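Raw model30.csv, CSV, C-alpha atoms:
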```csv
chain,number,residue,atom,x,y,z
A,313,MET,CA,-11.8,34.7,-25.1
A,314,THR,CA,-12.8,32.3,-22.3
A,315,GLY,CA,-9.5,31.9,-20.6
A,316,ASP,CA,-11.3,30.5,-17.6
A,317,THR,CA,-10.6,26.7,-17.9
A,318,GLN,CA,-13.3,25.7,-15.4
A,319,LEU,CA,-15.9,27.6,-17.2
A,320,LEU,CA,-14.7,26.2,-20.5
A,321,LYS,CA,-14.8,22.7,-19.1
A,322,GLY,CA,-18.4,23.2,-18.2
A,323,VAL,CA,-19.6,24.5,-21.6
A,324,LEU,CA,-17.3,22.7,-24.0
A,325,PRO,CA,-19.5,19.6,-24.4
A,326,MET,CA,-22.4,21.9,-25.3
A,327,LEU,CA,-20.2,23.9,-27.8
A,328,VAL,CA,-18.9,20.7,-29.4
A,329,LEU,CA,-22.4,19.4,-29.9
A,330,GLY,CA,-23.4,22.8,-31.3
A,331,ALA,CA,-20.4,22.9,-33.7
A,332,LEU,CA,-21.2,19.3,-34.8
A,333,ARG,CA,-24.9,20.2,-35.4
A,334,ALA,CA,-23.8,23.2,-37.5
A,335,ARG,CA,-21.3,21.2,-39.6
A,336,GLY,CA,-23.4,18.0,-39.7
A,337,GLU,CA,-20.3,15.9,-39.4
A,338,SER,CA,-16.7,16.6,-38.4
A,339,TYR,CA,-13.4,15.2,-37.1
A,340,GLY,CA,-11.4,16.2,-34.0
A,341,TYR,CA,-8.9,18.6,-35.5
A,342,GLU,CA,-11.5,20.2,-37.7
A,343,LEU,CA,-13.7,20.8,-34.7
A,344,VAL,CA,-10.8,22.4,-32.8
A,345,THR,CA,-10.3,24.8,-35.8
A,346,THR,CA,-14.0,25.6,-35.9
A,347,LEU,CA,-14.2,26.4,-32.2
A,348,ARG,CA,-11.0,28.5,-32.4
A,349,GLN,CA,-12.5,30.5,-35.2
A,350,ALA,CA,-15.6,30.9,-33.2
A,351,GLY,CA,-13.6,32.6,-30.4
A,352,LEU,CA,-12.1,29.8,-28.3
A,353,ASP,CA,-8.6,30.9,-29.3
A,354,GLY,CA,-6.8,28.9,-26.7
A,355,LEU,CA,-8.6,25.6,-27.3
A,356,THR,CA,-6.2,22.7,-27.9
A,357,THR,CA,-6.8,19.2,-29.2
A,358,GLY,CA,-5.6,17.9,-25.8
A,359,THR,CA,-8.7,19.6,-24.3
A,360,LEU,CA,-11.1,18.5,-27.0
A,361,TYR,CA,-10.3,14.8,-27.6
A,362,PRO,CA,-11.2,13.7,-24.0
A,363,VAL,CA,-14.5,15.6,-24.4
A,364,LEU,CA,-15.2,13.9,-27.7
A,365,ASN,CA,-14.4,10.5,-26.1
A,366,ARG,CA,-16.8,11.3,-23.3
A,367,LEU,CA,-19.6,12.4,-25.6
A,368,GLU,CA,-19.3,9.2,-27.6
A,369,ARG,CA,-19.3,7.1,-24.5
A,370,ASP,CA,-22.5,8.8,-23.3
A,371,GLY,CA,-24.1,8.1,-26.7
A,372,TRP,CA,-24.4,11.8,-27.6
A,373,VAL,CA,-22.3,11.5,-30.7
A,374,SER,CA,-21.8,8.6,-33.1
A,375,SER,CA,-18.7,8.1,-35.2
A,376,ARG,CA,-17.6,6.4,-38.4
A,377,LEU,CA,-14.2,5.9,-39.9
A,378,VAL,CA,-13.4,7.8,-43.2
A,379,ALA,CA,-10.3,6.8,-45.0
A,380,SER,CA,-8.2,9.7,-46.4
A,381,ALA,CA,-6.8,9.6,-49.9
A,382,ALA,CA,-3.3,9.3,-48.5
A,383,GLY,CA,-3.1,8.4,-44.8
A,384,PRO,CA,-4.8,6.7,-42.0
A,385,ALA,CA,-8.6,6.5,-41.5
A,386,ARG,CA,-10.0,9.4,-39.6
A,387,LYS,CA,-12.9,9.3,-37.1
A,388,TYR,CA,-15.9,11.6,-38.1
A,389,TYR,CA,-18.5,12.5,-35.4
A,390,THR,CA,-22.2,13.2,-35.8
A,391,PRO,CA,-24.6,14.2,-33.0
A,392,THR,CA,-27.1,11.5,-32.2
A,393,ASP,CA,-30.8,12.2,-31.3
A,394,SER,CA,-30.0,12.0,-27.6
A,395,GLY,CA,-27.1,14.4,-28.3
A,396,ALA,CA,-29.4,16.8,-30.0
A,397,ALA,CA,-31.8,16.6,-27.0
A,398,GLU,CA,-28.9,17.2,-24.6
A,399,LEU,CA,-27.8,20.2,-26.6
A,400,ALA,CA,-31.2,21.7,-26.4
A,401,ARG,CA,-31.3,21.1,-22.7
A,402,ALA,CA,-27.8,22.5,-22.1
A,403,HIS,CA,-28.5,25.5,-24.3
A,404,GLY,CA,-31.7,26.2,-22.4
A,405,ALA,CA,-29.9,25.9,-19.0
A,406,TRP,CA,-27.1,28.2,-20.2
A,407,LEU,CA,-29.6,30.8,-21.3
A,408,ASP,CA,-31.4,30.6,-18.0
A,409,LEU,CA,-28.0,31.0,-16.2
A,410,ALA,CA,-27.0,33.9,-18.5
A,411,ASP,CA,-30.3,35.7,-17.7
A,412,VAL,CA,-29.5,35.4,-14.0
A,413,VAL,CA,-26.0,36.7,-14.5
A,414,VAL,CA,-27.1,39.6,-16.6
A,415,GLY,CA,-29.9,40.3,-14.2
A,416,LEU,CA,-27.5,40.5,-11.3
A,417,LEU,CA,-24.5,42.1,-13.0
A,418,GLY,CA,-25.9,43.9,-16.0
A,419,ALA,CA,-24.4,43.8,-19.5
A,420,ARG,CA,-20.7,43.3,-20.2
A,421,ALA,CA,-18.5,45.1,-17.8
A,422,ASP,CA,-16.1,46.2,-20.6
A,423,ASP,CA,-19.0,47.9,-22.4
A,424,GLU,CA,-19.5,50.3,-19.6
A,425,PRO,CA,-17.6,53.6,-19.2
A,426,ALA,CA,-14.6,53.2,-17.0
A,427,ALA,CA,-15.3,54.3,-13.4
A,428,ARG,CA,-13.2,57.3,-12.1
B,730,MET,CA,-15.6,3.2,-44.9
B,731,ASP,CA,-15.7,6.4,-47.0
B,732,THR,CA,-12.8,8.3,-48.3
B,733,ALA,CA,-12.0,12.0,-47.9
B,734,PHE,CA,-9.2,14.2,-49.3
B,735,THR,CA,-6.5,15.1,-46.9
B,736,PRO,CA,-3.6,17.4,-47.6
B,737,THR,CA,-0.5,15.3,-47.3
B,738,ARG,CA,2.8,15.9,-45.5
B,739,SER,CA,4.8,12.7,-45.5
B,740,ALA,CA,5.8,11.5,-42.0
B,741,THR,CA,9.5,11.0,-41.5
B,742,PHE,CA,11.1,8.4,-39.4
B,743,GLY,CA,11.6,11.0,-36.7
B,744,ASP,CA,7.9,11.9,-36.8
B,745,ARG,CA,7.0,8.2,-36.2
B,746,LEU,CA,9.5,8.0,-33.4
B,747,ARG,CA,8.1,11.1,-31.7
B,748,LEU,CA,4.6,9.8,-32.1
B,749,GLU,CA,5.5,6.4,-30.6
B,750,TRP,CA,7.4,8.0,-27.7
B,751,TYR,CA,4.4,10.3,-27.0
B,752,LEU,CA,1.9,7.4,-27.0
B,753,LEU,CA,4.2,5.3,-24.8
B,754,ARG,CA,4.3,8.1,-22.2
B,755,LEU,CA,0.6,8.5,-22.5
B,756,GLU,CA,-0.1,4.8,-22.1
B,757,THR,CA,2.1,4.8,-19.0
B,758,ALA,CA,0.2,7.8,-17.6
B,759,LEU,CA,-3.1,6.1,-18.4
B,760,GLN,CA,-2.3,2.8,-16.6
B,761,ASP,CA,-5.2,3.3,-14.2
B,762,TYR,CA,-7.7,3.9,-17.0
B,763,PRO,CA,-10.0,0.9,-17.7
B,764,GLY,CA,-8.0,-1.4,-20.1
B,765,ARG,CA,-10.3,-1.9,-23.1
B,766,ARG,CA,-11.1,1.8,-23.3
B,767,ARG,CA,-7.5,2.8,-22.8
B,768,ARG,CA,-6.4,0.7,-25.8
B,769,GLN,CA,-9.2,2.2,-27.8
B,770,ILE,CA,-8.1,5.8,-26.9
B,771,LEU,CA,-4.6,5.0,-27.9
B,772,ARG,CA,-5.6,3.4,-31.1
B,773,GLU,CA,-7.8,6.4,-32.1
B,774,LEU,CA,-5.2,8.9,-31.0
B,775,ARG,CA,-2.6,7.2,-33.1
B,776,ALA,CA,-4.8,7.5,-36.2
B,777,GLU,CA,-5.9,11.0,-35.5
B,778,LEU,CA,-2.4,12.2,-34.8
B,779,ALA,CA,-1.1,10.6,-38.0
B,780,ALA,CA,-3.9,12.3,-40.0
B,781,THR,CA,-3.5,15.7,-38.3
B,782,ALA,CA,0.3,15.6,-38.8
B,783,GLN,CA,-0.3,15.5,-42.5
B,784,GLU,CA,-2.0,18.9,-42.1
B,785,THR,CA,0.1,20.5,-39.4
B,786,GLY,CA,3.3,18.5,-39.1
B,787,MET,CA,3.9,16.0,-36.3
B,788,ALA,CA,5.6,18.5,-34.0
B,789,THR,CA,2.6,20.9,-34.0
B,790,ALA,CA,0.1,18.0,-33.7
B,791,LEU,CA,1.9,16.7,-30.6
B,792,ALA,CA,2.5,20.2,-29.1
B,793,ASP,CA,-1.2,20.9,-29.4
B,794,LEU,CA,-2.1,17.8,-27.4
B,795,GLY,CA,0.1,19.0,-24.5
B,796,ARG,CA,2.1,16.9,-22.1
B,797,PRO,CA,1.1,13.2,-22.0
B,798,GLY,CA,0.5,13.3,-18.2
B,799,ARG,CA,-1.8,16.3,-18.6
B,800,LEU,CA,-3.7,14.6,-21.4
B,801,ALA,CA,-4.1,11.5,-19.3
B,802,ALA,CA,-5.4,13.5,-16.4
B,803,GLN,CA,-8.0,15.1,-18.8
B,804,TYR,CA,-9.1,11.6,-19.9
B,805,LEU,CA,-9.3,10.4,-16.3
B,806,SER,CA,-11.3,13.4,-15.2
B,807,GLU,CA,-13.9,12.6,-17.9
B,808,LEU,CA,-14.6,9.3,-16.1
B,809,ASP,CA,-17.7,9.4,-13.9
B,810,VAL,CA,-16.0,7.9,-10.9
B,811,PRO,CA,-12.5,8.4,-9.5
B,812,THR,CA,-10.4,5.5,-10.8
B,813,PRO,CA,-8.4,3.5,-8.3
B,814,ARG,CA,-4.7,4.3,-8.9
B,815,TRP,CA,-3.5,0.7,-8.5
B,816,ASN,CA,-0.1,1.4,-10.1
B,817,ASP,CA,0.7,4.4,-8.0
B,818,GLY,CA,-0.3,2.5,-4.9
B,819,ALA,CA,1.8,-0.5,-5.8
B,820,VAL,CA,4.9,1.6,-6.4
B,821,VAL,CA,4.5,3.4,-3.1
B,822,ALA,CA,3.9,0.1,-1.2
B,823,ALA,CA,7.0,-1.5,-2.9
B,824,LEU,CA,9.1,1.5,-2.0
B,825,VAL,CA,8.0,1.4,1.6
B,826,ALA,CA,8.2,-2.4,1.9
B,827,PHE,CA,11.5,-3.0,0.1
B,828,GLY,CA,13.1,0.4,-0.6
B,829,LEU,CA,13.3,1.6,3.0
B,830,PRO,CA,14.7,-1.7,4.4
B,831,LEU,CA,17.3,-1.9,1.6
B,832,TYR,CA,18.3,1.7,2.4
B,833,PHE,CA,18.5,0.8,6.1
B,834,TRP,CA,20.6,-2.4,5.7
B,835,PHE,CA,22.9,-0.7,3.1
B,836,GLY,CA,23.5,2.1,5.7
B,837,VAL,CA,24.1,-0.4,8.5
B,838,GLY,CA,26.5,-2.4,6.3
B,839,ILE,CA,28.6,0.6,5.3
B,840,GLY,CA,28.5,2.0,8.9
B,841,ALA,CA,29.5,-1.3,10.5
B,842,THR,CA,32.3,-1.9,8.0
B,843,GLU,CA,33.6,1.6,8.7
B,844,ALA,CA,33.4,0.9,12.5
B,845,LEU,CA,35.5,-2.3,11.9
B,846,GLY,CA,38.2,-0.2,10.3
B,847,VAL,CA,38.2,2.3,13.2
B,848,ALA,CA,38.5,-0.5,15.7
B,849,GLY,CA,41.5,-2.0,13.9
B,850,SER,CA,40.7,-4.4,11.1
B,851,GLY,CA,39.2,-7.8,10.6
B,852,ALA,CA,36.0,-9.5,9.7
B,853,ALA,CA,32.6,-9.8,11.5
B,854,GLU,CA,29.3,-11.4,11.0
B,855,VAL,CA,26.3,-9.4,12.2
B,856,SER,CA,22.6,-10.4,12.1
B,857,ILE,CA,20.0,-7.7,12.4
B,858,PHE,CA,16.3,-8.3,11.8
B,859,GLY,CA,16.8,-11.5,10.0
B,860,VAL,CA,19.5,-10.3,7.6
B,861,THR,CA,23.1,-11.5,8.0
B,862,LEU,CA,25.9,-9.1,7.2
B,863,ASP,CA,29.4,-10.4,6.5
B,864,LEU,CA,31.8,-7.5,7.0
B,865,VAL,CA,35.4,-7.4,6.0
B,866,ASN,CA,37.7,-4.5,6.5
B,867,THR,CA,41.4,-5.4,6.2
B,868,PRO,CA,44.2,-3.8,4.3
B,869,GLU,CA,43.7,-6.4,1.6
B,870,GLU,CA,39.9,-6.4,1.4
B,871,LEU,CA,37.0,-4.1,2.0
B,872,SER,CA,33.6,-5.7,1.5
B,873,VAL,CA,30.1,-6.1,2.8
B,874,ALA,CA,27.8,-9.0,1.9
B,875,TRP,CA,24.1,-9.3,2.8
B,876,GLN,CA,22.5,-12.7,3.2
B,877,VAL,CA,18.8,-12.2,2.7
B,878,HIS,CA,16.4,-15.1,3.8
B,879,TRP,CA,13.0,-15.9,2.4
B,880,GLY,CA,11.5,-15.0,5.7
B,881,TRP,CA,12.7,-11.5,5.3
B,882,VAL,CA,11.4,-11.2,1.8
B,883,LEU,CA,8.0,-12.5,2.9
B,884,GLY,CA,8.0,-10.1,5.9
B,885,CYS,CA,8.6,-7.1,3.6
B,886,ALA,CA,5.9,-8.3,1.1
B,887,LEU,CA,3.5,-8.5,4.1
B,888,VAL,CA,4.4,-4.9,5.1
B,889,GLY,CA,3.9,-3.9,1.5
B,890,VAL,CA,0.4,-5.4,1.4
B,891,VAL,CA,-0.5,-3.7,4.7
B,892,VAL,CA,0.8,-0.4,3.4
B,893,PHE,CA,-1.2,-0.8,0.2
B,894,LEU,CA,-4.4,-1.6,2.0
B,895,VAL,CA,-4.1,1.2,4.5
B,896,ALA,CA,-3.2,3.7,1.7
B,897,ALA,CA,-6.1,2.4,-0.4
B,898,ARG,CA,-8.5,3.0,2.5
B,899,ALA,CA,-7.1,6.5,3.1
B,900,TRP,CA,-7.4,7.3,-0.7
B,901,ARG,CA,-11.0,6.2,-0.8
B,902,ALA,CA,-11.8,8.3,2.3
B,903,LEU,CA,-10.1,11.4,0.7
B,904,ALA,CA,-11.5,10.9,-2.8
B,905,ARG,CA,-15.1,11.2,-1.6
```

As structure tokens, what does this structure read like?
Amino acid sequence: MTGDTQLLKGVLPMLVLGALRARGESYGYELVTTLRQAGLDGLTTGTLYPVLNRLERDGWVSSRLVASAAGPARKYYTPTDSGAAELARAHGAWLDLADVVVGLLGARADDEPAAR
Amino acid sequence: MDTAFTPTRSATFGDRLRLEWYLLRLETALQDYPGRRRRQILRELRAELAATAQETGMATALADLGRPGRLAAQYLSELDVPTPRWNDGAVVAALVAFGLPLYFWFGVGIGATEALGVAGSGAAEVSIFGVTLDLVNTPEELSVAWQVHWGWVLGCALVGVVVFLVAARAWRALAR
């Protein structure tokens, strides 16, 4: 699903914030696994880490280091209040856009009977 | 700092070597990323990769990140403004300022020495654009020596600066 990289790039920050809100707190690789299970099969850590870096720089997520029992400390992320507000805004904008798309194009094309 | 359980898969020497090699290539590709943040990215990635490798293995963890150049491009694209590519510009300017003249004088030296051989044999001293070439083509010796003066080096450096400034101006105009 969502093989369109430009589309994914646009919505990934929103999806990351959403996944973090659902989990409460998570680290990079766990987030990738969560998003893959949600349907973003082709998502890689190479795509996600720069987005997490950006979200933290913008103050939409905060982080803390959690030491593992055997291994280096790992960075866990949590959405901030401004991140939650941004998620609400982005989600609303996405729904508005989706309404326009569905209004113009109808429901999923692959749900319709094949044209002969 | 809290602690969490992580499934362990011990890192081998080869894993550490692969990780360091990857981070070195990434750091090179990130040369134009602001310094303090670049170091932070590399530090965090090192820790995250080491931790992820305990779950997936280092080969998978690195493969999932993709090529270092591509990852660097992703980080650079997340910056709000296009970053000046100082290193790329310096390399291009140095190639134009020093690489092209060196190639030119090397070609002239080889060609002139060959011409000496065709004309018979002997030695000659030729001066072109401030560089003196000592040519020898005899049955006993075949050699070319270049005598480079400070003026020539300064002239090339000046050309490099001009190329750098012109290219920077063009880059800014195209990046808008």

May I ask you to extract the residues of chain B within 12 Å of chain A, using all atoms listed in the file, and to give them as a PyMOL selection string?
chain B and resi 730-740+755+766-767+769-785+789-809

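Interatomic distance, atom CA of Ala396 of chain A to atom CA of Gly322 of chain A: 17.4 Å.
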
Which value, in Å to one decimal, gives the distance between atom CA of Arg333 of chain A and atom CA of Pro391 of chain A?
6.5 Å

Quote the spacing between atom CA of Ser872 of chain B and atom CA of Ala886 of chain B in Å to one decimal place.
27.8 Å

So which residues touch Gly889 of chain B within 10 Å, counting all atoms listed in the file, skipping near sequence neighbours fewer than 2 positions away, as a count of residues only?
20
